[in-house]
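Novice: My questions all concern the structure below.
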Amino acid sequence: MPTDFPALLPGIQSPADLRGLTLDELQRLADELRQFLVRTVATRGGHFAAGLGTVELTIALHHVFNTPEDRIVWDVGHQAYPHKVLTGRRDQLHSIKQRDGLAPFPNRAESEYDTFGTGHSSVDQRGAGHGHSGREAGPEATRRRGDRRRRHERRHGLRSAEPRRHAAG
């Protein structure tokens, strides 16, 4: 990457910041983002190659679509690392997979840009095809989901009063 150009990545705080960039600048941004991911995520272990493979795709989606109004659904949570960087979480990416850090998958509690939480492959099919929240499915579906969850928790001795948290590791 040429050193006579100012860095673009530090100026990206949200996808709206991408929309004024030229194609050449978008390519430079992709190079910077890939280098940032290698420097940051490589120290955390785990699956960062999926994110490296979606750098250009992530930039293109956020450049073309009006996110967060237009929703992006990720098939595998680890594909979303570039998405996290471009949606205002760049300065916290070093905390991914750490206690009280960023989750290694999209997480609606982290950002309005995260459509729904996904961790493993093909979760997107259910979420994108059938709605991703009880609010959209209606109160009856929410009640049934809650009943199923409570039965599962009783059967396995889990405590339903405590919120579920992603385990660090």
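We name chains A, B, ... following the order of the structure tokens; residues begin at 1 in each chain, and ligands are numbered from 1 as shown.
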Residues near stretch 60-62 of chain A, anyone? I mean within 12 Å using only C-alpha atoms, not counting same-chain ones fewer than 4 positions away, as a PyMOL selection string.
Specialist: chain A and resi 12+14-23+26-27+29-30+54-56+66-74+80+82-87+113
Novice: Looking at only C-alpha atoms, which of A:Gln13, A:Ala49, A:Val76, A:Leu8 is the one that sits closest to A:Asp31?
Specialist: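 When distances to A:Asp31 are compared using only C-alpha atoms, the smallest one comes from A:Leu8.
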Novice: For a quick check of understanding, using only C-alpha atoms, which of A:Leu52, A:Asn107, A:Lys97, A:Ile59 has the smallest distance to A:Tyr81?
Specialist: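 That would be A:Leu52, the residue with the smallest distance to A:Tyr81.
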Novice: Please measure the separation of atom CA of A:Thr40 and atom CA of A:Asp24, giving the value in Å to one decimal.
Specialist: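 Atom CA of A:Asp24 lies at a distance of 24.3 Å from atom CA of A:Thr40.
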Novice: Expressed in Å to a single decimal, how great is the separation between atom CA of A:Arg89 and atom CA of A:Phe65?
Specialist: 19.2 Å
Novice: Tell me, in Å to one decimal, how far atom CA of A:Pro106 is from atom CA of A:His63.
Specialist: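 Going from atom CA of A:Pro106 over to atom CA of A:His63, I get 18.9 Å.
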Novice: Quick one: residues within 7 Å of A:His78, only C-alpha atoms, excluding same-chain residues fewer than 6 positions away - as a PyMOL selection string?
Specialist: chain A and resi 47-48+50-51+104-105
